[in-house]
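Containing mmCIF, C-alpha atoms: my_file_22.cif.
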data_query
loop_
_atom_site.group_PDB
_atom_site.id
_atom_site.type_symbol
_atom_site.label_atom_id
_atom_site.label_comp_id
_atom_site.auth_asym_id
_atom_site.auth_seq_id
_atom_site.Cartn_x
_atom_site.Cartn_y
_atom_site.Cartn_z
ATOM 1 C CA MET A 1 83.716 126.422 128.783
ATOM 2 C CA GLN A 2 84.511 122.770 128.083
ATOM 3 C CA ILE A 3 82.564 120.138 130.032
ATOM 4 C CA ILE A 4 83.952 116.582 130.173
ATOM 5 C CA LYS A 5 81.363 114.060 131.373
ATOM 6 C CA LEU A 6 82.467 110.759 132.882
ATOM 7 C CA ASP A 7 80.426 107.792 134.080
ATOM 8 C CA ALA A 8 82.822 106.905 136.877
ATOM 9 C CA ILE A 9 86.248 108.055 138.042
ATOM 10 C CA ASP A 10 88.317 107.789 141.203
ATOM 11 C CA SER A 11 88.515 111.564 141.614
ATOM 12 C CA THR A 12 87.585 114.410 139.271
ATOM 13 C CA ASN A 13 90.340 116.509 140.853
ATOM 14 C CA VAL A 14 92.970 113.894 139.985
ATOM 15 C CA TYR A 15 91.615 113.489 136.449
ATOM 16 C CA LEU A 16 91.606 117.238 135.812
ATOM 17 C CA LYS A 17 95.082 117.680 137.292
ATOM 18 C CA ASP A 18 96.427 115.013 134.931
ATOM 19 C CA LEU A 19 94.679 116.796 132.067
ATOM 20 C CA VAL A 20 96.378 120.070 132.961
ATOM 21 C CA PHE A 21 99.827 118.482 133.024
ATOM 22 C CA ASN A 22 99.380 116.462 129.815
ATOM 23 C CA THR A 23 97.288 118.726 127.561
ATOM 24 C CA GLN A 24 96.516 122.374 126.925
ATOM 25 C CA ALA A 25 93.363 122.419 129.073
ATOM 26 C CA SER A 26 91.515 125.716 128.761
ATOM 27 C CA ASP A 27 90.419 127.987 131.584
ATOM 28 C CA TYR A 28 87.165 126.831 133.236
ATOM 29 C CA THR A 29 87.421 123.275 131.896
ATOM 30 C CA ILE A 30 84.982 121.144 133.917
ATOM 31 C CA VAL A 31 85.169 117.431 134.672
ATOM 32 C CA VAL A 32 81.923 116.023 136.050
ATOM 33 C CA ALA A 33 81.318 112.419 137.077
ATOM 34 C CA GLU A 34 78.192 110.367 137.685
ATOM 35 C CA LYS A 35 80.167 108.459 140.307
ATOM 36 C CA GLN A 36 83.394 109.110 142.200
ATOM 37 C CA THR A 37 85.038 106.102 143.821
ATOM 38 C CA SER A 38 87.611 108.110 145.790
ATOM 39 C CA GLY A 39 86.082 111.549 146.222
ATOM 40 C CA ARG A 40 87.977 113.610 148.772
ATOM 41 C CA GLY A 41 87.166 116.441 151.136
ATOM 42 C CA GLN A 42 89.175 118.678 153.428
ATOM 43 C CA MET A 43 91.956 117.119 155.522
ATOM 44 C CA GLY A 44 91.778 113.772 153.727
ATOM 45 C CA THR A 45 88.128 113.033 154.475
ATOM 46 C CA THR A 46 86.085 110.956 152.029
ATOM 47 C CA TRP A 47 83.158 112.463 150.117
ATOM 48 C CA LEU A 48 80.368 109.877 149.736
ATOM 49 C CA ALA A 49 77.671 110.413 147.108
ATOM 50 C CA ASP A 50 75.074 108.165 145.481
ATOM 51 C CA GLU A 51 75.611 107.674 141.769
ATOM 52 C CA GLY A 52 73.674 110.032 139.521
ATOM 53 C CA LYS A 53 71.985 111.950 142.344
ATOM 54 C CA ASN A 54 74.483 114.673 143.162
ATOM 55 C CA LEU A 55 76.972 117.027 141.588
ATOM 56 C CA THR A 56 80.585 115.887 141.859
ATOM 57 C CA PHE A 57 82.812 117.917 139.601
ATOM 58 C CA SER A 58 86.079 119.806 139.308
ATOM 59 C CA ILE A 59 86.759 123.037 137.483
ATOM 60 C CA LEU A 60 90.065 124.493 136.315
ATOM 61 C CA LYS A 61 90.856 128.120 137.101
ATOM 62 C CA LYS A 62 94.013 129.454 135.554
ATOM 63 C CA CYS A 63 95.493 132.272 137.599
ATOM 64 C CA THR A 64 97.368 135.382 136.587
ATOM 65 C CA ASP A 65 99.757 136.902 139.087
ATOM 66 C CA LEU A 66 98.119 135.326 142.158
ATOM 67 C CA LYS A 67 100.616 134.967 144.992
ATOM 68 C CA VAL A 68 100.728 131.835 147.137
ATOM 69 C CA GLN A 69 100.216 134.017 150.209
ATOM 70 C CA ASP A 70 96.829 135.070 148.789
ATOM 71 C CA GLN A 71 95.578 131.543 148.138
ATOM 72 C CA PHE A 72 92.730 131.810 150.652
ATOM 73 C CA ASP A 73 91.119 134.315 148.292
ATOM 74 C CA LEU A 74 90.288 131.300 146.108
ATOM 75 C CA ASN A 75 88.239 129.832 148.974
ATOM 76 C CA ILE A 76 86.404 133.140 149.274
ATOM 77 C CA CYS A 77 85.611 133.279 145.548
ATOM 78 C CA VAL A 78 84.373 129.680 145.371
ATOM 79 C CA SER A 79 82.309 129.910 148.560
ATOM 80 C CA VAL A 80 80.630 133.129 147.454
ATOM 81 C CA ALA A 81 79.870 131.745 143.974
ATOM 82 C CA ILE A 82 78.230 128.592 145.366
ATOM 83 C CA TYR A 83 76.363 130.601 147.982
ATOM 84 C CA ARG A 84 74.961 132.910 145.298
ATOM 85 C CA SER A 85 73.936 129.954 143.127
ATOM 86 C CA LEU A 86 71.993 128.265 145.927
ATOM 87 C CA ASN A 87 70.568 131.535 147.179
ATOM 88 C CA ASP A 88 69.119 132.085 143.678
ATOM 89 C CA LEU A 89 67.311 128.766 144.163
ATOM 90 C CA LYS A 90 65.949 130.047 147.488
ATOM 91 C CA ILE A 91 67.622 127.326 149.555
ATOM 92 C CA PRO A 92 66.832 128.449 153.130
ATOM 93 C CA ASP A 93 69.210 129.460 155.931
ATOM 94 C CA LEU A 94 72.360 129.368 153.811
ATOM 95 C CA LYS A 95 75.710 129.975 155.475
ATOM 96 C CA ILE A 96 79.390 129.512 154.667
ATOM 97 C CA LYS A 97 81.209 127.457 157.288
ATOM 98 C CA TRP A 98 84.908 128.275 157.476
ATOM 99 C CA PRO A 99 86.788 127.664 155.327
ATOM 100 C CA ASN A 100 84.433 126.750 152.463
ATOM 101 C CA ASP A 101 81.601 124.364 153.390
ATOM 102 C CA ILE A 102 78.076 125.444 152.523
ATOM 103 C CA LEU A 103 75.361 124.839 155.102
ATOM 104 C CA SER A 104 71.600 125.057 155.154
ATOM 105 C CA GLY A 105 70.757 125.622 158.793
ATOM 106 C CA ASN A 106 73.128 123.297 160.651
ATOM 107 C CA HIS A 107 73.324 120.789 157.799
ATOM 108 C CA LYS A 108 76.214 120.509 155.363
ATOM 109 C CA ILE A 109 75.101 120.371 151.745
ATOM 110 C CA CYS A 110 78.305 121.220 149.872
ATOM 111 C CA GLY A 111 82.024 120.680 150.309
ATOM 112 C CA VAL A 112 84.983 122.108 148.408
ATOM 113 C CA LEU A 113 88.554 120.902 147.927
ATOM 114 C CA ILE A 114 90.981 123.316 146.241
ATOM 115 C CA GLU A 115 94.362 122.058 145.026
ATOM 116 C CA ASN A 116 96.834 124.562 143.606
ATOM 117 C CA ILE A 117 99.497 124.118 140.963
ATOM 118 C CA LEU A 118 102.427 126.343 141.883
ATOM 119 C CA SER A 119 105.126 128.085 139.912
ATOM 120 C CA GLY A 120 107.617 129.540 142.368
ATOM 121 C CA ALA A 121 105.803 131.924 144.722
ATOM 122 C CA LYS A 122 102.759 132.175 142.484
ATOM 123 C CA ILE A 123 99.742 130.004 141.753
ATOM 124 C CA GLN A 124 99.678 128.922 138.134
ATOM 125 C CA ALA A 125 96.289 127.217 138.302
ATOM 126 C CA SER A 126 93.753 125.831 140.744
ATOM 127 C CA ILE A 127 91.794 122.604 140.580
ATOM 128 C CA ILE A 128 88.525 123.269 142.385
ATOM 129 C CA GLY A 129 86.631 120.140 143.435
ATOM 130 C CA ILE A 130 82.993 120.612 144.418
ATOM 131 C CA GLY A 131 80.625 118.061 145.914
ATOM 132 C CA LEU A 132 77.013 119.210 146.224
ATOM 133 C CA ASN A 133 74.286 116.991 147.686
ATOM 134 C CA VAL A 134 71.355 117.487 145.341
ATOM 135 C CA ASN A 135 68.773 114.694 144.990
ATOM 136 C CA GLN A 136 70.124 112.109 147.453
ATOM 137 C CA LEU A 137 67.685 111.256 150.255
ATOM 138 C CA SER A 138 69.742 109.071 152.605
ATOM 139 C CA PHE A 139 73.194 109.584 154.076
ATOM 140 C CA ASP A 140 73.653 106.456 156.221
ATOM 141 C CA ASN A 141 72.988 108.283 159.479
ATOM 142 C CA LEU A 142 75.753 110.826 158.938
ATOM 143 C CA PRO A 143 75.056 113.668 161.362
ATOM 144 C CA ASN A 144 74.217 117.150 160.101
ATOM 145 C CA VAL A 145 74.285 116.254 156.391
ATOM 146 C CA SER A 146 71.453 117.013 153.986
ATOM 147 C CA SER A 147 70.629 117.633 150.311
ATOM 148 C CA LEU A 148 68.715 120.211 148.316
ATOM 149 C CA LYS A 149 65.854 117.774 147.739
ATOM 150 C CA LEU A 150 65.607 116.829 151.420
ATOM 151 C CA ILE A 151 65.447 120.511 152.298
ATOM 152 C CA THR A 152 63.014 121.737 149.640
ATOM 153 C CA GLY A 153 61.250 118.615 148.334
ATOM 154 C CA ILE A 154 62.219 119.619 144.782
ATOM 155 C CA GLN A 155 63.944 117.332 142.240
ATOM 156 C CA TYR A 156 66.753 119.315 140.600
ATOM 157 C CA ASP A 157 68.203 119.053 137.104
ATOM 158 C CA LEU A 158 71.902 118.352 137.661
ATOM 159 C CA GLU A 159 73.059 119.769 134.330
ATOM 160 C CA GLU A 160 71.210 123.052 134.813
ATOM 161 C CA LEU A 161 72.588 123.345 138.336
ATOM 162 C CA LEU A 162 76.119 122.666 137.118
ATOM 163 C CA LYS A 163 75.853 125.425 134.517
ATOM 164 C CA LYS A 164 74.462 127.869 137.084
ATOM 165 C CA ILE A 165 77.355 127.261 139.494
ATOM 166 C CA ALA A 166 79.930 127.403 136.681
ATOM 167 C CA LYS A 167 78.492 130.718 135.472
ATOM 168 C CA ASN A 168 78.635 132.206 138.965
ATOM 169 C CA LEU A 169 82.185 130.939 139.456
ATOM 170 C CA GLU A 170 83.277 132.621 136.242
ATOM 171 C CA GLU A 171 81.560 135.899 137.184
ATOM 172 C CA VAL A 172 83.063 135.956 140.684
ATOM 173 C CA PHE A 173 86.577 135.157 139.455
ATOM 174 C CA ASP A 174 86.354 137.766 136.714
ATOM 175 C CA TYR A 175 85.311 140.297 139.339
ATOM 176 C CA TYR A 176 88.127 139.240 141.665
ATOM 177 C CA PHE A 177 90.866 139.480 139.044
ATOM 178 C CA THR A 178 89.688 142.724 137.412
ATOM 179 C CA ILE A 179 87.959 144.906 139.992
ATOM 180 C CA HIS A 180 88.159 144.818 143.782
ATOM 181 C CA LYS A 181 88.565 141.658 145.811
ATOM 182 C CA GLN A 182 87.772 143.282 149.177
ATOM 183 C CA ASP A 183 84.063 143.383 148.333
ATOM 184 C CA LEU A 184 84.074 139.574 148.067
ATOM 185 C CA LYS A 185 85.771 139.257 151.479
ATOM 186 C CA ILE A 186 83.002 141.411 152.986
ATOM 187 C CA GLU A 187 80.321 139.219 151.379
ATOM 188 C CA TYR A 188 82.090 136.078 152.642
ATOM 189 C CA LEU A 189 82.219 137.389 156.206
ATOM 190 C CA GLU A 190 78.570 138.491 156.102
ATOM 191 C CA GLN A 191 77.545 134.887 155.418
ATOM 192 C CA LEU A 192 80.061 133.195 157.719
ATOM 193 C CA PHE A 193 78.462 130.575 159.973
ATOM 194 C CA ARG A 194 78.377 131.500 163.696
ATOM 195 C CA LYS A 195 80.172 134.814 163.161
ATOM 196 C CA ASP A 196 79.733 137.139 166.167
ATOM 197 C CA LYS A 197 77.909 134.418 168.125
ATOM 198 C CA ALA A 198 79.188 132.603 171.200
ATOM 199 C CA SER A 199 80.213 129.101 170.090
ATOM 200 C CA THR A 200 81.945 126.058 171.529
ATOM 201 C CA PHE A 201 85.263 124.967 170.034
ATOM 202 C CA SER A 202 87.839 122.278 170.712
ATOM 203 C CA LYS A 203 91.567 122.423 170.106
ATOM 204 C CA ASP A 204 94.847 120.507 170.528
ATOM 205 C CA ALA A 205 95.344 116.736 170.727
ATOM 206 C CA ASN A 206 93.203 116.500 173.875
ATOM 207 C CA ASP A 207 90.199 118.235 172.252
ATOM 208 C CA THR A 208 90.187 120.878 174.966
ATOM 209 C CA MET A 209 86.818 122.641 174.880
ATOM 210 C CA PHE A 210 86.418 126.390 175.137
ATOM 211 C CA THR A 211 83.910 129.128 174.334
ATOM 212 C CA GLY A 212 84.722 131.825 171.832
ATOM 213 C CA ILE A 213 83.278 134.130 169.205
ATOM 214 C CA ILE A 214 84.284 134.112 165.535
ATOM 215 C CA ARG A 215 85.262 137.670 164.641
ATOM 216 C CA ASN A 216 87.167 137.505 161.364
ATOM 217 C CA VAL A 217 89.275 135.488 158.921
ATOM 218 C CA THR A 218 92.832 136.656 158.202
ATOM 219 C CA SER A 219 94.228 137.145 154.706
ATOM 220 C CA GLU A 220 96.035 133.808 155.185
ATOM 221 C CA GLY A 221 92.722 132.081 155.955
ATOM 222 C CA LYS A 222 93.124 131.696 159.706
ATOM 223 C CA LEU A 223 90.005 131.958 161.846
ATOM 224 C CA VAL A 224 90.095 134.844 164.342
ATOM 225 C CA VAL A 225 88.351 133.867 167.583
ATOM 226 C CA GLU A 226 87.726 136.171 170.518
ATOM 227 C CA GLU A 227 88.183 134.227 173.744
ATOM 228 C CA GLU A 228 88.062 134.960 177.459
ATOM 229 C CA ASP A 229 89.228 138.415 178.617
ATOM 230 C CA GLU A 230 88.861 139.773 175.056
ATOM 231 C CA ILE A 231 91.931 137.879 173.860
ATOM 232 C CA PHE A 232 91.990 137.286 170.091
ATOM 233 C CA ASN A 233 93.651 134.130 168.762
ATOM 234 C CA GLU A 234 94.168 132.901 165.210
ATOM 235 C CA TYR A 235 93.705 129.258 164.199
ATOM 236 C CA ALA A 236 94.574 127.313 161.068
ATOM 237 C CA LEU A 237 92.210 124.638 159.752
ATOM 238 C CA LYS A 238 93.811 121.682 161.551
ATOM 239 C CA GLU A 239 94.124 123.522 164.857
ATOM 240 C CA LEU A 240 90.455 124.051 165.673
ATOM 241 C CA LYS A 241 87.045 122.373 165.517
ATOM 242 C CA LEU A 242 83.762 124.233 165.754
ATOM 243 C CA ARG A 243 81.509 122.055 167.895
ATOM 244 C CA TYR A 244 78.298 124.092 168.164
#

Could you spell out this file's structure in structure tokens?
Amino acid sequence: MQIIKLDAIDSTNVYLKDLVFNTQASDYTIVVAEKQTSGRGQMGTTWLADEGKNLTFSILKKCTDLKVQDQFDLNICVSVAIYRSLNDLKIPDLKIKWPNDILSGNHKICGVLIENILSGAKIQASIIGIGLNVNQLSFDNLPNVSSLKLITGIQYDLEELLKKIAKNLEEVFDYYFTIHKQDLKIEYLEQLFRKDKASTFSKDANDTMFTGIIRNVTSEGKLVVEEEDEIFNEYALKELKLRY
């Protein structure tokens, strides 16, 4: 496992992607930065993190025979690996919020951005960007955002935490590619935030509100929501917002 440490970079995902295209980067190469100036989250959102207080890194996972149609399995693997890492640290009330955020209670502590490099109908490699709030204590009044230190009062060693997450990522991916991926899907669903609980959602351009119950996630990564009259609908990431 090669770890490349940078003081500052626009985006570790962009840096690692360039590395893949221009060199023979090895599987599980990690790029970690003290500061990201253009860190990104899902759907083009910006990931803000104080310099030197959090983990902002990207890891390369080379894939063998993974079809594009199965790409959501990568979200499952990454979410489960991070969940296990934080659960080992006894972070309370951990949940996975679809598709791959990690929460403690109702507060987001970790975000993931996965970008795939394709070769025809198969995924050649994935660049997995992870932003974990670790020792930061202020988030400029952002709602429902927290850090490990705010939650537990403990100051964490960033390098040790990075190695723990990387180790769990490698173990989960090895399991996925060599044994039985369905077990990981079961673990993902067991920890899915608000699963089997009545929740409020909004959809469409008018943010129409409705009540539903999360029941499942399809193999394509769509959220299955049971709505009025026991009607089940499937939603892609940009089609639905979980309000509370």

Handout entry: Two-atom distance - CA of Lys149 (chain A), CA of Asn135 (chain A) (Å)
Key = 5.1 Å

Exercise for the section: Quick one: everything within 12 Å of Arg84 (chain A), counting all atoms listed in the file, minus sequence neighbours fewer than 5 positions away in the same chain. Send it as number ranges by chain. Expected result: A: 77-79, 89-91, 94-96, 102, 164-169, 171-172, 184, 187-188, 191

Practice task
Between A:Phe177, A:Gly111, A:Lys97, A:Glu239, single out the one closest to Glu190 (chain A), counting all atoms listed in the file.
Solution key: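 Looking only at the distances to Glu190 (chain A), the closest residue turns out to be A:Lys97.
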
Problem - Shortest interatomic distance to Gly52 (chain A) - which of A:Val20, A:Leu113, A:Ile123, A:Val134, counting only C-alpha atoms - result: A:Val134

Handout entry: Computed interatomic separation between CA of Glu220 (chain A) and CA of Lys185 (chain A) (Å)
Key =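 Spanning CA of Glu220 (chain A) to CA of Lys185 (chain A) is a straight-line distance of 12.2 Å.
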
Problem - Residues in the PyMOL selection byres ((chain A and resi 1-13) around 8), expressed as a PyMOL selection string - result: chain A and resi 14-17+26-40+56-58+127-129
